[in-house]
Amino acid sequence: MTAAGPTLRVHAVEPRSRANGPGTRFVVWVQGCTLGCPGCFNPGTHDATAGRDVEVAELLAQLAASGAEGLTVSGGEPLEQAAGVLALLRGARAQGRSTLVFSGFALDELRARPLGPEIIAELDVLIDGRYVARERLGVGLRGSANQQVRLLTDRYAEADIAAVPEAEVRIGPDGAVVLSGVAPLPLRRR
């Protein structure tokens, strides 16, 4: 009998997205977030007891089968499951995929968290900072103006980030509707 590998508590997976980073992305939304940013678009990802446990090896197999250019990890708060996220990022890199993480923690906070420096070292792109509803932006992968897009390698340029659609809608074969991106609902213009 072999020991199970690392797992992640997962809210949802989207095998091919264009609104969650450059190119086609395999997106994993982790379950659980203690930051509780008011106005968060994903409040259903906050309860750490919801969702389901998925082995990282299973997610990596799905990533390989997806044909996506890269992996995006969002949430919930990915750094609250650092060991599993690190294993997922390393596995994606081993497949030659690009890596992107959305985190509510600022870069300095990430560096101080357990496994934070190791996770940062595996990233091509980091979008960091808590969502601030009064600074709502919804463009360039930033939900609010205070958030930073950090290009940590030379794999992507600012133009690649600017070319990412603000939103996408996918209707699955079962009729389920998935809204995704940093502006998945029309913004009310004043």
# chains A, B, ... in the order shown; residues from 1 in each chain; ligands from 1

call {"tool": "residues_around", "arguments": {"residues": "Arg170 in chain A", "least_positions_apart": "2", "cutoff": "12 Å", "atoms": "only C-alpha atoms", "output": "PyMOL selection string"}}
result
chain A and resi 14-19+167-168+172-181+184

call {"tool": "write_last_selection", "arguments": {"atoms": "C-alpha atoms", "output": "mmCIF file, in the first residue's frame"}}
result
data_model
loop_
_atom_site.group_PDB
_atom_site.id
_atom_site.type_symbol
_atom_site.label_atom_id
_atom_site.label_comp_id
_atom_site.auth_asym_id
_atom_site.auth_seq_id
_atom_site.Cartn_x
_atom_site.Cartn_y
_atom_site.Cartn_z
ATOM 1 C CA GLU A 14 -11.902 24.864 -15.414
ATOM 2 C CA PRO A 15 -9.875 22.922 -18.002
ATOM 3 C CA ARG A 16 -9.554 25.697 -20.609
ATOM 4 C CA SER A 17 -9.987 29.364 -19.806
ATOM 5 C CA ARG A 18 -8.803 32.487 -21.586
ATOM 6 C CA ALA A 19 -9.903 34.976 -18.895
ATOM 7 C CA ALA A 167 -14.526 37.880 -18.611
ATOM 8 C CA GLU A 168 -15.794 34.727 -20.228
ATOM 9 C CA GLY A 172 -21.177 23.123 -20.167
ATOM 10 C CA PRO A 173 -22.725 20.038 -21.761
ATOM 11 C CA ASP A 174 -24.913 19.701 -18.661
ATOM 12 C CA GLY A 175 -26.178 23.282 -19.071
ATOM 13 C CA ALA A 176 -24.105 24.631 -16.188
ATOM 14 C CA VAL A 177 -23.005 28.228 -16.721
ATOM 15 C CA VAL A 178 -19.505 29.240 -15.616
ATOM 16 C CA LEU A 179 -18.680 32.946 -15.318
ATOM 17 C CA SER A 180 -14.990 33.638 -14.994
ATOM 18 C CA GLY A 181 -12.433 36.424 -15.103
ATOM 19 C CA PRO A 184 -17.418 38.396 -14.985
#

call {"tool": "residues_around", "arguments": {"residues": "Cys33 in chain A", "least_positions_apart": "2", "cutoff": "9 Å", "atoms": "only C-alpha atoms", "output": "PyMOL selection string"}}
result
chain A and resi 30-31+35-36+43+45-48+75-78+80

call {"tool": "write_last_selection", "arguments": {"atoms": "N, CA and C atoms", "output": "mmCIF file, in the first residue's frame"}}
result
data_model
loop_
_atom_site.group_PDB
_atom_site.id
_atom_site.type_symbol
_atom_site.label_atom_id
_atom_site.label_comp_id
_atom_site.auth_asym_id
_atom_site.auth_seq_id
_atom_site.Cartn_x
_atom_site.Cartn_y
_atom_site.Cartn_z
ATOM 1 N N VAL A 30 -9.016 27.035 -5.400
ATOM 2 C CA VAL A 30 -8.923 26.312 -4.137
ATOM 3 C C VAL A 30 -10.042 26.765 -3.214
ATOM 4 N N GLN A 31 -10.354 25.909 -2.258
ATOM 5 C CA GLN A 31 -11.425 26.172 -1.303
ATOM 6 C C GLN A 31 -10.805 26.591 0.022
ATOM 7 N N LEU A 35 -9.221 35.559 4.631
ATOM 8 C CA LEU A 35 -9.072 37.001 4.461
ATOM 9 C C LEU A 35 -10.423 37.721 4.449
ATOM 10 N N GLY A 36 -11.424 37.115 3.808
ATOM 11 C CA GLY A 36 -12.777 37.666 3.817
ATOM 12 C C GLY A 36 -12.890 39.082 3.285
ATOM 13 N N PRO A 43 -17.226 34.463 -2.787
ATOM 14 C CA PRO A 43 -17.441 34.143 -1.371
ATOM 15 C C PRO A 43 -17.721 32.656 -1.139
ATOM 16 N N THR A 45 -15.989 30.366 -2.059
ATOM 17 C CA THR A 45 -14.703 29.684 -1.877
ATOM 18 C C THR A 45 -14.125 29.890 -0.479
ATOM 19 N N HIS A 46 -14.782 30.635 0.380
ATOM 20 C CA HIS A 46 -14.202 30.984 1.679
ATOM 21 C C HIS A 46 -14.259 29.850 2.699
ATOM 22 N N ASP A 47 -15.348 29.117 2.779
ATOM 23 C CA ASP A 47 -15.525 28.063 3.783
ATOM 24 C C ASP A 47 -14.578 26.897 3.496
ATOM 25 N N ALA A 48 -13.604 26.707 4.386
ATOM 26 C CA ALA A 48 -12.593 25.660 4.170
ATOM 27 C C ALA A 48 -13.163 24.251 4.294
ATOM 28 N N GLY A 75 -8.765 31.334 -5.967
ATOM 29 C CA GLY A 75 -9.462 30.824 -4.784
ATOM 30 C C GLY A 75 -10.722 31.564 -4.482
ATOM 31 N N GLY A 76 -10.942 31.379 -3.210
ATOM 32 C CA GLY A 76 -10.164 31.014 -2.029
ATOM 33 C C GLY A 76 -8.779 31.683 -2.035
ATOM 34 N N GLU A 77 -8.006 31.257 -1.054
ATOM 35 C CA GLU A 77 -6.648 31.786 -0.916
ATOM 36 C C GLU A 77 -5.639 30.661 -1.080
ATOM 37 N N PRO A 78 -4.930 30.622 -2.217
ATOM 38 C CA PRO A 78 -3.987 29.543 -2.475
ATOM 39 C C PRO A 78 -2.914 29.369 -1.403
ATOM 40 N N GLU A 80 -3.078 29.559 1.666
ATOM 41 C CA GLU A 80 -3.565 28.877 2.862
ATOM 42 C C GLU A 80 -3.521 27.357 2.683
#

call {"tool": "closest_residue", "arguments": {"among": "A:Leu8, A:Ala121, A:Leu60, A:Leu137", "to": "Ala83 in chain A", "atoms": "only C-alpha atoms"}}
result
A:Leu8

call {"tool": "closest_residue", "arguments": {"among": "A:Val149, A:Ile119, A:Val132, A:Ala64", "to": "Leu89 in chain A", "atoms": "only C-alpha atoms"}}
result
A:Ile119

call {"tool": "select_by_dssp", "arguments": {"residues": "chain A", "states": "helix (DSSP H, G or I)", "output": "MDAnalysis selection string"}}
result
chainID A and resid 43:45 56:66 78:94 107:112 116:121 133:135 158:162

call {"tool": "residues_around", "arguments": {"residues": "Glu69 in chain A", "least_positions_apart": "5", "cutoff": "8 Å", "atoms": "only C-alpha atoms", "output": "PyMOL selection string"}}
result
chain A and resi 23-26+97-98

call {"tool": "write_last_selection", "arguments": {"atoms": "N, CA and C atoms", "output": "mmCIF file, in the first residue's frame"}}
result
data_model
loop_
_atom_site.group_PDB
_atom_site.id
_atom_site.type_symbol
_atom_site.label_atom_id
_atom_site.label_comp_id
_atom_site.auth_asym_id
_atom_site.auth_seq_id
_atom_site.Cartn_x
_atom_site.Cartn_y
_atom_site.Cartn_z
ATOM 1 N N GLY A 23 -2.980 33.257 -22.723
ATOM 2 C CA GLY A 23 -3.159 31.994 -23.447
ATOM 3 C C GLY A 23 -4.310 31.196 -22.870
ATOM 4 N N THR A 24 -4.291 29.900 -23.123
ATOM 5 C CA THR A 24 -5.308 29.030 -22.528
ATOM 6 C C THR A 24 -4.794 28.550 -21.183
ATOM 7 N N ARG A 25 -5.665 28.580 -20.179
ATOM 8 C CA ARG A 25 -5.261 28.263 -18.811
ATOM 9 C C ARG A 25 -6.100 27.120 -18.257
ATOM 10 N N PHE A 26 -5.469 26.226 -17.533
ATOM 11 C CA PHE A 26 -6.139 25.246 -16.684
ATOM 12 C C PHE A 26 -6.247 25.936 -15.333
ATOM 13 N N ARG A 97 4.542 23.923 -18.366
ATOM 14 C CA ARG A 97 3.443 24.896 -18.358
ATOM 15 C C ARG A 97 3.864 26.181 -17.650
ATOM 16 N N SER A 98 3.254 27.269 -18.036
ATOM 17 C CA SER A 98 3.438 28.512 -17.304
ATOM 18 C C SER A 98 2.589 28.470 -16.035
#

call {"tool": "select_by_dssp", "arguments": {"residues": "chain A", "states": "strand (DSSP E)", "output": "short mmCIF file (atom, residue, chain, number, x, y, z; two decimals) with N, CA and C atoms, in the first residue's frame"}}
result
data_model
loop_
_atom_site.label_atom_id
_atom_site.label_comp_id
_atom_site.auth_asym_id
_atom_site.auth_seq_id
_atom_site.Cartn_x
_atom_site.Cartn_y
_atom_site.Cartn_z
N THR A 7 -2.62 16.69 -1.41
CA THR A 7 -3.97 17.00 -1.88
C THR A 7 -4.23 18.50 -1.74
N LEU A 8 -5.26 18.93 -2.42
CA LEU A 8 -5.76 20.29 -2.28
C LEU A 8 -7.26 20.23 -2.03
N ARG A 9 -7.76 21.14 -1.22
CA ARG A 9 -9.20 21.31 -1.07
C ARG A 9 -9.60 22.22 -2.22
N VAL A 10 -10.44 21.71 -3.13
CA VAL A 10 -10.74 22.39 -4.40
C VAL A 10 -12.21 22.82 -4.44
N HIS A 11 -12.43 24.03 -4.89
CA HIS A 11 -13.77 24.55 -5.12
C HIS A 11 -14.24 24.16 -6.53
N ALA A 12 -13.38 24.40 -7.53
CA ALA A 12 -13.75 24.12 -8.92
C ALA A 12 -12.49 24.05 -9.78
N VAL A 13 -12.67 23.44 -10.95
CA VAL A 13 -11.61 23.35 -11.95
C VAL A 13 -12.22 23.73 -13.29
N GLU A 14 -11.50 24.52 -14.05
CA GLU A 14 -11.90 24.86 -15.41
C GLU A 14 -10.76 24.44 -16.33
N PRO A 15 -10.98 23.46 -17.22
CA PRO A 15 -9.87 22.92 -18.00
C PRO A 15 -9.29 23.87 -19.05
N ARG A 16 -10.08 24.80 -19.57
CA ARG A 16 -9.55 25.70 -20.61
C ARG A 16 -10.23 27.05 -20.48
N SER A 17 -9.49 28.00 -19.98
CA SER A 17 -9.99 29.36 -19.81
C SER A 17 -9.06 30.33 -20.52
N ARG A 25 -5.67 28.58 -20.18
CA ARG A 25 -5.26 28.26 -18.81
C ARG A 25 -6.10 27.12 -18.26
N PHE A 26 -5.47 26.23 -17.53
CA PHE A 26 -6.14 25.25 -16.68
C PHE A 26 -6.25 25.94 -15.33
N VAL A 27 -7.46 26.14 -14.84
CA VAL A 27 -7.67 26.94 -13.63
C VAL A 27 -8.15 26.06 -12.49
N VAL A 28 -7.49 26.21 -11.34
CA VAL A 28 -7.91 25.54 -10.12
C VAL A 28 -8.27 26.62 -9.11
N TRP A 29 -9.54 26.61 -8.66
CA TRP A 29 -9.96 27.50 -7.59
C TRP A 29 -9.91 26.67 -6.31
N VAL A 30 -9.02 27.04 -5.40
CA VAL A 30 -8.92 26.31 -4.14
C VAL A 30 -10.04 26.77 -3.21
N ARG A 52 -14.03 19.86 -2.22
CA ARG A 52 -13.66 18.44 -2.17
C ARG A 52 -12.14 18.32 -2.18
N ASP A 53 -11.63 17.27 -1.57
CA ASP A 53 -10.20 17.00 -1.59
C ASP A 53 -9.84 16.31 -2.89
N VAL A 54 -8.81 16.80 -3.55
CA VAL A 54 -8.35 16.23 -4.82
C VAL A 54 -6.84 16.04 -4.72
N GLU A 55 -6.37 14.88 -5.12
CA GLU A 55 -4.93 14.66 -5.13
C GLU A 55 -4.28 15.53 -6.21
N GLY A 70 -1.00 26.96 -19.72
CA GLY A 70 -0.52 27.18 -18.37
C GLY A 70 -1.54 26.85 -17.31
N LEU A 71 -1.08 26.98 -16.08
CA LEU A 71 -1.87 26.72 -14.89
C LEU A 71 -2.11 28.04 -14.17
N THR A 72 -3.35 28.27 -13.78
CA THR A 72 -3.71 29.40 -12.92
C THR A 72 -4.32 28.83 -11.65
N VAL A 73 -3.86 29.33 -10.50
CA VAL A 73 -4.42 28.92 -9.21
C VAL A 73 -5.03 30.16 -8.57
N SER A 74 -6.30 30.05 -8.22
CA SER A 74 -7.04 31.15 -7.63
C SER A 74 -7.80 30.61 -6.43
N SER A 98 3.25 27.27 -18.04
CA SER A 98 3.44 28.51 -17.30
C SER A 98 2.59 28.47 -16.04
N THR A 99 2.94 29.33 -15.07
CA THR A 99 2.24 29.32 -13.79
C THR A 99 1.85 30.73 -13.38
N LEU A 100 0.64 30.84 -12.82
CA LEU A 100 0.10 32.12 -12.37
C LEU A 100 -0.71 31.86 -11.13
N VAL A 101 -0.56 32.71 -10.12
CA VAL A 101 -1.34 32.60 -8.89
C VAL A 101 -1.95 33.96 -8.57
N PHE A 102 -3.24 33.93 -8.19
CA PHE A 102 -3.92 35.08 -7.60
C PHE A 102 -3.88 34.89 -6.09
N SER A 103 -3.38 35.88 -5.35
CA SER A 103 -3.34 35.80 -3.90
C SER A 103 -3.80 37.11 -3.29
N VAL A 125 3.83 34.53 -13.08
CA VAL A 125 3.03 35.72 -12.80
C VAL A 125 2.37 35.56 -11.44
N LEU A 126 2.39 36.64 -10.68
CA LEU A 126 1.68 36.72 -9.41
C LEU A 126 0.80 37.96 -9.43
N ILE A 127 -0.48 37.78 -9.11
CA ILE A 127 -1.36 38.92 -8.88
C ILE A 127 -1.60 38.92 -7.38
N ASP A 128 -1.13 39.97 -6.69
CA ASP A 128 -1.17 39.98 -5.23
C ASP A 128 -1.89 41.20 -4.69
N ARG A 136 -12.57 49.05 -7.15
CA ARG A 136 -12.93 48.08 -8.19
C ARG A 136 -12.37 48.50 -9.54
N LEU A 137 -11.70 47.57 -10.20
CA LEU A 137 -11.07 47.84 -11.49
C LEU A 137 -11.58 46.87 -12.55
N GLY A 138 -11.28 45.58 -12.37
CA GLY A 138 -11.77 44.56 -13.30
C GLY A 138 -11.12 44.55 -14.67
N VAL A 139 -9.84 44.92 -14.76
CA VAL A 139 -9.10 44.84 -16.02
C VAL A 139 -7.66 44.42 -15.74
N ARG A 142 -6.54 42.43 -12.67
CA ARG A 142 -6.66 43.02 -11.33
C ARG A 142 -8.13 43.30 -11.03
N GLY A 143 -8.60 42.76 -9.91
CA GLY A 143 -9.96 43.03 -9.49
C GLY A 143 -10.11 44.43 -8.93
N SER A 144 -9.07 44.92 -8.25
CA SER A 144 -9.09 46.28 -7.70
C SER A 144 -7.74 46.95 -7.95
N GLN A 148 -1.40 44.20 -7.54
CA GLN A 148 -0.23 44.30 -8.42
C GLN A 148 -0.13 43.07 -9.32
N VAL A 149 0.23 43.28 -10.56
CA VAL A 149 0.57 42.18 -11.47
C VAL A 149 2.09 42.13 -11.49
N ARG A 150 2.64 41.02 -11.05
CA ARG A 150 4.10 40.88 -10.97
C ARG A 150 4.55 39.83 -11.98
N LEU A 151 5.30 40.29 -12.97
CA LEU A 151 5.88 39.39 -13.97
C LEU A 151 7.21 38.92 -13.40
N GLU A 168 -15.34 35.74 -19.29
CA GLU A 168 -15.79 34.73 -20.23
C GLU A 168 -16.98 34.00 -19.62
N VAL A 169 -17.80 33.47 -20.50
CA VAL A 169 -18.95 32.66 -20.09
C VAL A 169 -18.84 31.35 -20.84
N ARG A 170 -18.96 30.25 -20.09
CA ARG A 170 -18.94 28.94 -20.71
C ARG A 170 -20.18 28.19 -20.28
N ILE A 171 -20.85 27.57 -21.23
CA ILE A 171 -22.00 26.74 -20.93
C ILE A 171 -21.58 25.30 -21.16
N VAL A 177 -23.61 27.00 -16.23
CA VAL A 177 -23.00 28.23 -16.72
C VAL A 177 -21.85 28.60 -15.79
N VAL A 178 -20.68 28.82 -16.37
CA VAL A 178 -19.50 29.24 -15.62
C VAL A 178 -19.13 30.65 -16.05
N LEU A 179 -19.14 31.58 -15.09
CA LEU A 179 -18.68 32.95 -15.32
C LEU A 179 -17.29 33.04 -14.73
N SER A 180 -16.37 33.61 -15.46
CA SER A 180 -14.99 33.64 -14.99
C SER A 180 -14.30 34.90 -15.46
#

call {"tool": "atom_distance", "arguments": {"atom1": "CA of Glu109 in chain A", "atom2": "CA of Leu86 in chain A"}}
result
16.5 Å

call {"tool": "atom_distance", "arguments": {"atom1": "CA of Arg113 in chain A", "atom2": "CA of Ala82 in chain A"}}
result
8.7 Å

call {"tool": "atom_distance", "arguments": {"atom1": "CA of Ala87 in chain A", "atom2": "CA of Leu59 in chain A"}}
result
10.5 Å

call {"tool": "residues_around", "arguments": {"residues": "Arg90 in chain A", "least_positions_apart": "5", "cutoff": "9 Å", "atoms": "only C-alpha atoms", "output": "compact mmCIF listing (two decimals) with C-alpha atoms, in the first residue's frame"}}
result
# COMPACT_ATOMS: atom_id res chain seq x y z
CA VAL A 85 -0.15 24.50 -4.19
CA GLN A 95 5.15 19.66 -17.74
CA ILE A 119 5.93 29.20 -4.22
CA GLU A 122 7.75 28.62 -9.16
